[in-house]
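**Student:** One structure, pasted below without further comment.
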Amino acid sequence: MNKTLKLFFLASFIVFTIACKKESKKTNSVEAAENVQPNVSVSKDSIPLDGKYPEMKFEKNQHDFGTINQGDTVEHEFKFENTGEADLLITNAKGSCGCTVPEYPKTAIQPGKAGTIKVSFNSAGKSGVNTKSVVLTSNCKEKNKVLIITADIKVPSKTK
């Protein structure tokens with residue numbers, strides 16, 4: 001009985017030691033990953049290390065297509081300038097529905113340089129006044145910017 005008890009404690013000690021070492025390795029790996037500096041000048045909290053941000057300044061952030069016919073596809077280019085102090089990176093642009101499709105620059109826009117966001121709107125199956133939005137995600141201090149489009153969609157009258 002005494003030998004069995006000693007073997008049990010020895011086995012428990014070994015299992016406990018191995019489990020603690022594995023946990024310790026996990027913790028160290030997580031800490032090491034958190035301490036790695038990113039490959040861009042942005043900290044893990046998305047605050048630029050140098051305190052400088054880009055800024056997207058639009059000529060206008062809304063566009064009214066006016067009256068269009070149902071089934072028309074219309075486009076508008078929203079012009080902007082990076083008026084900030086760092087390169088502007090747009091990481092995503094998402095329309096409020098499948099009928100609103102944005103296209104955005106995939107490369108950095110340097111301070112003082114301009115760019116465009118092209119928005120296409122397909123009015124198929126829609127009628128009346130429609131308002132749609134595009135949400136831009138970027139590395140600006142204000143992470144999201146919203147662009148708005150509106151159109152009054154006329155349904156063709158049915159003739160006999």
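Labels for the structure tokens follow display order: chains A, B, ..., residues from 1 in each chain, ligands from 1.
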Residues near A:Asn82, anyone? I mean within 7 Å using only C-alpha atoms, not counting same-chain ones fewer than 5 positions away, as a list in words.

**Tutor:**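 Residues meeting the cut-off are Pro54, Glu55, Met56, Lys57, Leu88, Ile109, Gln110, Pro111, Gly112, Lys113 and Ala114 of chain A.
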
**Student:** Tell me, as a short mmCIF file (atom, residue, chain, number, x, y, z; two decimals) with all heavy atoms, in the first residue's frame, which residues lie within 10 Å of stretch 123-140 of chain A, counting only C-alpha atoms; anything in the same chain fewer than 5 positions away does not count.

**Tutor:**
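Generated output (around.cif):
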data_model
loop_
_atom_site.label_atom_id
_atom_site.label_comp_id
_atom_site.auth_asym_id
_atom_site.auth_seq_id
_atom_site.Cartn_x
_atom_site.Cartn_y
_atom_site.Cartn_z
N VAL A 42 1.66 51.65 -36.30
CA VAL A 42 0.45 51.67 -35.50
C VAL A 42 0.64 50.68 -34.37
O VAL A 42 1.10 49.57 -34.57
CB VAL A 42 -0.78 51.26 -36.36
CG1 VAL A 42 -2.03 51.22 -35.52
CG2 VAL A 42 -0.96 52.21 -37.53
N SER A 46 -4.17 50.51 -32.10
CA SER A 46 -4.47 51.32 -33.29
C SER A 46 -4.19 52.81 -33.09
O SER A 46 -4.79 53.64 -33.75
CB SER A 46 -5.93 51.12 -33.73
OG SER A 46 -6.12 49.79 -34.11
N ILE A 47 -3.30 53.12 -32.19
CA ILE A 47 -2.87 54.50 -32.01
C ILE A 47 -1.50 54.62 -32.67
O ILE A 47 -0.59 53.86 -32.36
CB ILE A 47 -2.78 54.87 -30.52
CG1 ILE A 47 -4.15 54.73 -29.87
CG2 ILE A 47 -2.22 56.27 -30.35
CD1 ILE A 47 -4.15 54.86 -28.37
N PRO A 48 -1.35 55.56 -33.59
CA PRO A 48 -0.05 55.69 -34.25
C PRO A 48 1.05 55.93 -33.22
O PRO A 48 0.86 56.68 -32.26
CB PRO A 48 -0.22 56.91 -35.15
CG PRO A 48 -1.68 57.07 -35.32
CD PRO A 48 -2.31 56.53 -34.06
N LYS A 52 0.57 60.75 -35.23
CA LYS A 52 0.07 61.39 -36.44
C LYS A 52 -0.96 60.49 -37.12
O LYS A 52 -0.74 59.30 -37.26
CB LYS A 52 1.22 61.69 -37.41
CG LYS A 52 2.22 62.68 -36.85
CD LYS A 52 3.34 62.93 -37.82
CE LYS A 52 4.33 63.93 -37.23
NZ LYS A 52 5.46 64.15 -38.13
N TYR A 53 -2.05 61.10 -37.53
CA TYR A 53 -3.14 60.38 -38.19
C TYR A 53 -3.36 60.92 -39.60
O TYR A 53 -3.12 62.09 -39.86
CB TYR A 53 -4.46 60.58 -37.44
CG TYR A 53 -4.58 59.84 -36.15
CD1 TYR A 53 -4.24 60.42 -34.94
CD2 TYR A 53 -5.07 58.54 -36.14
CE1 TYR A 53 -4.38 59.74 -33.75
CE2 TYR A 53 -5.23 57.85 -34.95
CZ TYR A 53 -4.88 58.45 -33.76
OH TYR A 53 -5.02 57.76 -32.58
N PRO A 54 -3.91 60.08 -40.48
CA PRO A 54 -4.42 60.60 -41.74
C PRO A 54 -5.81 61.17 -41.49
O PRO A 54 -6.42 60.90 -40.44
CB PRO A 54 -4.50 59.36 -42.63
CG PRO A 54 -4.67 58.23 -41.67
CD PRO A 54 -3.97 58.63 -40.40
N GLU A 55 -6.31 61.95 -42.43
CA GLU A 55 -7.68 62.46 -42.31
C GLU A 55 -8.29 62.54 -43.71
O GLU A 55 -7.69 63.10 -44.62
CB GLU A 55 -7.68 63.85 -41.67
CG GLU A 55 -9.08 64.35 -41.40
CD GLU A 55 -9.09 65.67 -40.65
OE1 GLU A 55 -8.14 65.94 -39.90
OE2 GLU A 55 -10.06 66.43 -40.84
N MET A 56 -9.48 61.95 -43.86
CA MET A 56 -10.19 61.97 -45.13
C MET A 56 -11.14 63.15 -45.16
O MET A 56 -12.08 63.20 -44.37
CB MET A 56 -11.02 60.68 -45.29
CG MET A 56 -10.45 59.70 -46.24
SD MET A 56 -11.59 58.34 -46.64
CE MET A 56 -11.82 57.55 -45.08
N ASN A 61 -20.08 64.45 -48.82
CA ASN A 61 -20.25 63.05 -48.44
C ASN A 61 -21.66 62.53 -48.73
O ASN A 61 -22.02 61.45 -48.30
CB ASN A 61 -19.88 62.82 -46.97
CG ASN A 61 -20.76 63.59 -46.02
OD1 ASN A 61 -21.57 64.42 -46.43
ND2 ASN A 61 -20.60 63.33 -44.73
N GLN A 62 -22.44 63.33 -49.49
CA GLN A 62 -23.78 62.91 -49.92
C GLN A 62 -23.95 63.22 -51.39
O GLN A 62 -23.40 64.21 -51.88
CB GLN A 62 -24.86 63.66 -49.14
CG GLN A 62 -24.85 63.37 -47.66
CD GLN A 62 -26.00 64.07 -46.94
OE1 GLN A 62 -26.98 64.46 -47.54
NE2 GLN A 62 -25.85 64.25 -45.64
N HIS A 63 -24.73 62.36 -52.07
CA HIS A 63 -25.03 62.63 -53.47
C HIS A 63 -26.47 62.21 -53.75
O HIS A 63 -26.90 61.12 -53.38
CB HIS A 63 -24.09 61.87 -54.40
CG HIS A 63 -24.40 62.11 -55.84
ND1 HIS A 63 -24.11 63.30 -56.47
CD2 HIS A 63 -25.01 61.33 -56.77
CE1 HIS A 63 -24.51 63.23 -57.73
NE2 HIS A 63 -25.06 62.05 -57.93
N ASP A 64 -27.20 63.09 -54.44
CA ASP A 64 -28.58 62.81 -54.83
C ASP A 64 -28.59 62.60 -56.35
O ASP A 64 -28.26 63.50 -57.11
CB ASP A 64 -29.48 63.98 -54.45
CG ASP A 64 -30.96 63.70 -54.72
OD1 ASP A 64 -31.29 62.64 -55.31
OD2 ASP A 64 -31.79 64.54 -54.33
N GLY A 66 -31.17 62.26 -58.02
CA GLY A 66 -32.40 62.84 -58.55
C GLY A 66 -33.37 61.73 -58.93
O GLY A 66 -33.40 60.67 -58.31
N THR A 67 -34.17 61.98 -59.97
CA THR A 67 -35.15 61.00 -60.42
C THR A 67 -34.51 60.09 -61.48
O THR A 67 -33.96 60.58 -62.46
CB THR A 67 -36.38 61.70 -61.01
OG1 THR A 67 -36.94 62.56 -59.99
CG2 THR A 67 -37.44 60.70 -61.43
N ILE A 68 -34.61 58.80 -61.23
CA ILE A 68 -34.10 57.81 -62.19
C ILE A 68 -35.20 56.78 -62.45
O ILE A 68 -36.16 56.69 -61.69
CB ILE A 68 -32.81 57.12 -61.70
CG1 ILE A 68 -33.06 56.33 -60.41
CG2 ILE A 68 -31.69 58.14 -61.51
CD1 ILE A 68 -31.85 55.50 -59.95
N ASN A 69 -35.05 56.03 -63.51
CA ASN A 69 -36.02 54.98 -63.83
C ASN A 69 -35.65 53.68 -63.14
O ASN A 69 -34.46 53.34 -63.03
CB ASN A 69 -36.09 54.76 -65.34
CG ASN A 69 -36.66 55.96 -66.07
OD1 ASN A 69 -37.64 56.56 -65.61
ND2 ASN A 69 -36.06 56.32 -67.18
N GLN A 70 -36.67 52.95 -62.74
CA GLN A 70 -36.45 51.65 -62.12
C GLN A 70 -35.63 50.78 -63.08
O GLN A 70 -35.94 50.72 -64.28
CB GLN A 70 -37.78 50.98 -61.81
CG GLN A 70 -37.65 49.67 -61.05
CD GLN A 70 -39.00 49.05 -60.77
OE1 GLN A 70 -39.79 48.84 -61.70
NE2 GLN A 70 -39.28 48.78 -59.51
N GLY A 71 -34.60 50.14 -62.58
CA GLY A 71 -33.74 49.30 -63.40
C GLY A 71 -32.45 49.99 -63.84
O GLY A 71 -31.51 49.33 -64.28
N ASP A 72 -32.40 51.32 -63.70
CA ASP A 72 -31.17 52.05 -64.05
C ASP A 72 -30.07 51.72 -63.03
O ASP A 72 -30.33 51.53 -61.84
CB ASP A 72 -31.38 53.56 -64.02
CG ASP A 72 -32.21 54.08 -65.19
OD1 ASP A 72 -32.48 53.29 -66.12
OD2 ASP A 72 -32.58 55.27 -65.16
N THR A 73 -28.84 51.69 -63.54
CA THR A 73 -27.67 51.62 -62.66
C THR A 73 -26.93 52.94 -62.83
O THR A 73 -26.60 53.33 -63.94
CB THR A 73 -26.76 50.44 -63.03
OG1 THR A 73 -27.48 49.22 -62.83
CG2 THR A 73 -25.51 50.41 -62.15
N VAL A 74 -26.72 53.63 -61.71
CA VAL A 74 -26.07 54.94 -61.74
C VAL A 74 -24.81 54.87 -60.89
O VAL A 74 -24.68 54.04 -59.99
CB VAL A 74 -27.02 56.04 -61.25
CG1 VAL A 74 -28.15 56.28 -62.25
CG2 VAL A 74 -27.62 55.70 -59.89
N ASN A 82 -6.44 63.44 -48.49
CA ASN A 82 -5.86 63.10 -47.19
C ASN A 82 -5.24 64.38 -46.64
O ASN A 82 -4.18 64.80 -47.06
CB ASN A 82 -4.80 62.00 -47.33
CG ASN A 82 -4.13 61.68 -46.00
OD1 ASN A 82 -4.47 62.24 -44.97
ND2 ASN A 82 -3.19 60.76 -46.04
N GLY A 84 -4.48 64.79 -43.50
CA GLY A 84 -3.78 64.47 -42.26
C GLY A 84 -2.27 64.47 -42.42
O GLY A 84 -1.72 64.99 -43.40
N ALA A 86 -0.35 61.49 -41.95
CA ALA A 86 0.16 60.12 -42.17
C ALA A 86 -0.54 59.53 -43.38
O ALA A 86 -1.57 60.03 -43.84
CB ALA A 86 -0.11 59.27 -40.93
N ASP A 87 0.02 58.44 -43.91
CA ASP A 87 -0.59 57.75 -45.05
C ASP A 87 -1.96 57.22 -44.67
O ASP A 87 -2.16 56.66 -43.58
CB ASP A 87 0.29 56.58 -45.50
CG ASP A 87 1.53 57.02 -46.24
OD1 ASP A 87 1.69 58.23 -46.52
OD2 ASP A 87 2.35 56.14 -46.56
N LEU A 88 -2.92 57.39 -45.58
CA LEU A 88 -4.29 56.94 -45.39
C LEU A 88 -4.45 55.56 -46.00
O LEU A 88 -4.13 55.35 -47.17
CB LEU A 88 -5.26 57.92 -46.05
CG LEU A 88 -6.71 57.49 -46.19
CD1 LEU A 88 -7.36 57.32 -44.82
CD2 LEU A 88 -7.48 58.51 -47.01
N LEU A 89 -4.95 54.63 -45.20
CA LEU A 89 -5.23 53.28 -45.68
C LEU A 89 -6.71 52.98 -45.47
O LEU A 89 -7.18 52.91 -44.33
CB LEU A 89 -4.40 52.25 -44.93
CG LEU A 89 -2.89 52.34 -45.10
CD1 LEU A 89 -2.18 51.45 -44.10
CD2 LEU A 89 -2.51 51.97 -46.51
N ILE A 90 -7.44 52.80 -46.56
CA ILE A 90 -8.85 52.39 -46.46
C ILE A 90 -8.84 50.88 -46.47
O ILE A 90 -8.35 50.26 -47.42
CB ILE A 90 -9.68 52.95 -47.63
CG1 ILE A 90 -9.61 54.49 -47.63
CG2 ILE A 90 -11.12 52.47 -47.55
CD1 ILE A 90 -10.23 55.14 -48.85
N THR A 91 -9.35 50.28 -45.41
CA THR A 91 -9.28 48.83 -45.28
C THR A 91 -10.56 48.12 -45.70
O THR A 91 -10.55 46.93 -45.95
CB THR A 91 -8.95 48.44 -43.82
OG1 THR A 91 -9.92 49.02 -42.94
CG2 THR A 91 -7.56 48.91 -43.44
N ASN A 92 -11.67 48.88 -45.80
CA ASN A 92 -12.93 48.26 -46.19
C ASN A 92 -13.92 49.33 -46.61
O ASN A 92 -13.86 50.46 -46.13
CB ASN A 92 -13.51 47.43 -45.05
CG ASN A 92 -14.61 46.48 -45.50
OD1 ASN A 92 -14.72 46.15 -46.68
ND2 ASN A 92 -15.42 46.03 -44.57
N ALA A 93 -14.81 48.96 -47.51
CA ALA A 93 -15.93 49.81 -47.90
C ALA A 93 -17.12 48.88 -48.10
O ALA A 93 -17.04 47.92 -48.87
CB ALA A 93 -15.61 50.57 -49.19
N LYS A 94 -18.20 49.15 -47.38
CA LYS A 94 -19.35 48.24 -47.42
C LYS A 94 -20.62 49.02 -47.67
O LYS A 94 -20.94 49.96 -46.94
CB LYS A 94 -19.45 47.48 -46.10
CG LYS A 94 -20.53 46.43 -46.08
CD LYS A 94 -20.35 45.52 -44.90
CE LYS A 94 -21.44 44.49 -44.77
NZ LYS A 94 -21.56 43.57 -45.85
N GLY A 95 -21.36 48.62 -48.71
CA GLY A 95 -22.65 49.21 -49.02
C GLY A 95 -23.71 48.69 -48.09
O GLY A 95 -23.60 47.59 -47.55
N SER A 96 -24.77 49.47 -47.90
CA SER A 96 -25.84 49.07 -46.98
C SER A 96 -26.68 47.91 -47.52
O SER A 96 -27.41 47.28 -46.78
CB SER A 96 -26.74 50.26 -46.66
OG SER A 96 -27.24 50.85 -47.85
N CYS A 97 -26.58 47.64 -48.83
CA CYS A 97 -27.25 46.48 -49.40
C CYS A 97 -26.49 46.07 -50.66
O CYS A 97 -25.58 46.76 -51.10
CB CYS A 97 -28.71 46.76 -49.70
SG CYS A 97 -28.98 47.86 -51.09
N CYS A 99 -27.33 46.27 -53.64
CA CYS A 99 -27.55 47.17 -54.77
C CYS A 99 -26.58 48.34 -54.78
O CYS A 99 -26.47 49.07 -55.75
CB CYS A 99 -28.99 47.69 -54.76
SG CYS A 99 -29.37 48.67 -53.29
N THR A 100 -25.85 48.52 -53.68
CA THR A 100 -24.90 49.64 -53.54
C THR A 100 -23.50 49.07 -53.44
O THR A 100 -23.17 48.41 -52.45
CB THR A 100 -25.25 50.46 -52.28
OG1 THR A 100 -26.62 50.83 -52.34
CG2 THR A 100 -24.39 51.69 -52.16
N VAL A 101 -22.70 49.30 -54.48
CA VAL A 101 -21.37 48.68 -54.55
C VAL A 101 -20.28 49.76 -54.60
O VAL A 101 -20.21 50.53 -55.56
CB VAL A 101 -21.27 47.77 -55.79
CG1 VAL A 101 -19.89 47.13 -55.86
CG2 VAL A 101 -22.37 46.72 -55.79
N PRO A 102 -19.44 49.82 -53.57
CA PRO A 102 -18.35 50.80 -53.56
C PRO A 102 -17.05 50.21 -54.13
O PRO A 102 -16.81 49.01 -54.03
CB PRO A 102 -18.18 51.10 -52.08
CG PRO A 102 -18.58 49.84 -51.39
CD PRO A 102 -19.63 49.20 -52.27
N TYR A 104 -12.90 51.32 -53.88
CA TYR A 104 -12.04 52.24 -53.15
C TYR A 104 -10.57 51.94 -53.44
O TYR A 104 -10.23 50.83 -53.85
CB TYR A 104 -12.31 52.16 -51.65
CG TYR A 104 -12.05 50.80 -51.04
CD1 TYR A 104 -10.83 50.52 -50.41
CD2 TYR A 104 -13.00 49.78 -51.08
CE1 TYR A 104 -10.58 49.28 -49.85
CE2 TYR A 104 -12.76 48.54 -50.53
CZ TYR A 104 -11.56 48.30 -49.91
OH TYR A 104 -11.31 47.06 -49.36
N ILE A 117 -13.80 57.49 -54.23
CA ILE A 117 -14.59 56.32 -53.90
C ILE A 117 -15.71 56.29 -54.92
O ILE A 117 -16.54 57.21 -54.97
CB ILE A 117 -15.20 56.39 -52.48
CG1 ILE A 117 -14.15 56.72 -51.42
CG2 ILE A 117 -15.98 55.12 -52.16
CD1 ILE A 117 -13.12 55.67 -51.17
N LYS A 145 -16.21 56.33 -41.81
CA LYS A 145 -16.76 57.49 -42.50
C LYS A 145 -17.95 56.97 -43.31
O LYS A 145 -17.87 55.91 -43.92
CB LYS A 145 -15.69 58.07 -43.41
CG LYS A 145 -15.98 59.41 -43.95
CD LYS A 145 -15.81 60.47 -42.89
CE LYS A 145 -15.11 61.68 -43.43
NZ LYS A 145 -15.05 62.75 -42.48
N VAL A 146 -19.05 57.72 -43.33
CA VAL A 146 -20.25 57.27 -44.03
C VAL A 146 -20.54 58.20 -45.21
O VAL A 146 -20.54 59.42 -45.07
CB VAL A 146 -21.47 57.25 -43.07
CG1 VAL A 146 -22.73 56.79 -43.80
CG2 VAL A 146 -21.19 56.34 -41.88
N LEU A 147 -20.77 57.58 -46.37
CA LEU A 147 -21.20 58.29 -47.56
C LEU A 147 -22.66 57.93 -47.82
O LEU A 147 -23.06 56.78 -47.62
CB LEU A 147 -20.34 57.87 -48.77
CG LEU A 147 -18.83 58.07 -48.61
CD1 LEU A 147 -18.10 57.50 -49.82
CD2 LEU A 147 -18.50 59.53 -48.41
N ILE A 148 -23.45 58.90 -48.26
CA ILE A 148 -24.89 58.71 -48.47
C ILE A 148 -25.24 58.98 -49.93
O ILE A 148 -24.80 59.98 -50.49
CB ILE A 148 -25.72 59.65 -47.57
CG1 ILE A 148 -25.33 59.50 -46.10
CG2 ILE A 148 -27.21 59.46 -47.79
CD1 ILE A 148 -25.74 58.22 -45.46
N ILE A 149 -26.07 58.10 -50.51
CA ILE A 149 -26.64 58.36 -51.84
C ILE A 149 -28.15 58.26 -51.74
O ILE A 149 -28.69 57.50 -50.93
CB ILE A 149 -26.10 57.40 -52.92
CG1 ILE A 149 -26.41 55.94 -52.54
CG2 ILE A 149 -24.62 57.61 -53.16
CD1 ILE A 149 -26.16 54.95 -53.67
N THR A 150 -28.84 59.07 -52.53
CA THR A 150 -30.30 59.00 -52.60
C THR A 150 -30.73 59.05 -54.06
O THR A 150 -30.02 59.58 -54.92
CB THR A 150 -30.97 60.16 -51.84
OG1 THR A 150 -30.50 61.39 -52.37
CG2 THR A 150 -30.71 60.11 -50.35
N ALA A 151 -31.89 58.49 -54.31
CA ALA A 151 -32.48 58.51 -55.65
C ALA A 151 -33.99 58.36 -55.51
O ALA A 151 -34.47 57.63 -54.64
CB ALA A 151 -31.91 57.39 -56.51
N ASP A 152 -34.71 59.05 -56.38
CA ASP A 152 -36.17 58.91 -56.47
C ASP A 152 -36.41 58.02 -57.68
O ASP A 152 -36.19 58.45 -58.82
CB ASP A 152 -36.84 60.27 -56.63
CG ASP A 152 -38.35 60.16 -56.60
OD1 ASP A 152 -38.88 59.04 -56.31
OD2 ASP A 152 -39.02 61.19 -56.84
N ILE A 153 -36.85 56.79 -57.43
CA ILE A 153 -36.97 55.79 -58.49
C ILE A 153 -38.41 55.75 -58.99
O ILE A 153 -39.34 55.47 -58.22
CB ILE A 153 -36.51 54.43 -58.00
CG1 ILE A 153 -35.06 54.54 -57.49
CG2 ILE A 153 -36.63 53.37 -59.07
CD1 ILE A 153 -34.61 53.40 -56.65
N LYS A 154 -38.56 56.01 -60.27
CA LYS A 154 -39.88 55.98 -60.90
C LYS A 154 -40.08 54.64 -61.58
O LYS A 154 -39.24 54.16 -62.33
CB LYS A 154 -40.00 57.10 -61.95
CG LYS A 154 -39.93 58.49 -61.36
CD LYS A 154 -41.06 58.73 -60.40
CE LYS A 154 -40.97 60.10 -59.77
NZ LYS A 154 -41.80 60.25 -58.61
N VAL A 155 -41.25 54.07 -61.30
CA VAL A 155 -41.63 52.82 -61.92
C VAL A 155 -42.32 53.13 -63.23
O VAL A 155 -43.24 53.97 -63.26
CB VAL A 155 -42.57 52.00 -60.99
CG1 VAL A 155 -43.00 50.70 -61.63
CG2 VAL A 155 -41.91 51.77 -59.64
N PRO A 156 -41.90 52.50 -64.33
CA PRO A 156 -42.56 52.77 -65.61
C PRO A 156 -44.04 52.39 -65.55
O PRO A 156 -44.39 51.38 -64.96
CB PRO A 156 -41.80 51.93 -66.62
CG PRO A 156 -40.85 51.09 -65.87
CD PRO A 156 -40.88 51.50 -64.43
#

**Student:** Residues within 7 Å of A:Phe58, please, as a PDB file with C-alpha atoms, in the first residue's frame. Count only C-alpha atoms; anything in the same chain fewer than 3 positions from it doesn't count.

**Tutor:**
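Written out: selection.pdb:
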ATOM      1  CA  ASN A  61     -20.254  63.048 -48.440  1.00  0.00           C
ATOM      2  CA  LYS A  79     -13.626  62.847 -54.193  1.00  0.00           C
ATOM      3  CA  PHE A  80     -11.503  63.182 -51.073  1.00  0.00           C
ATOM      4  CA  GLU A  81      -8.097  64.402 -49.945  1.00  0.00           C
TER       5      GLU A  81
END
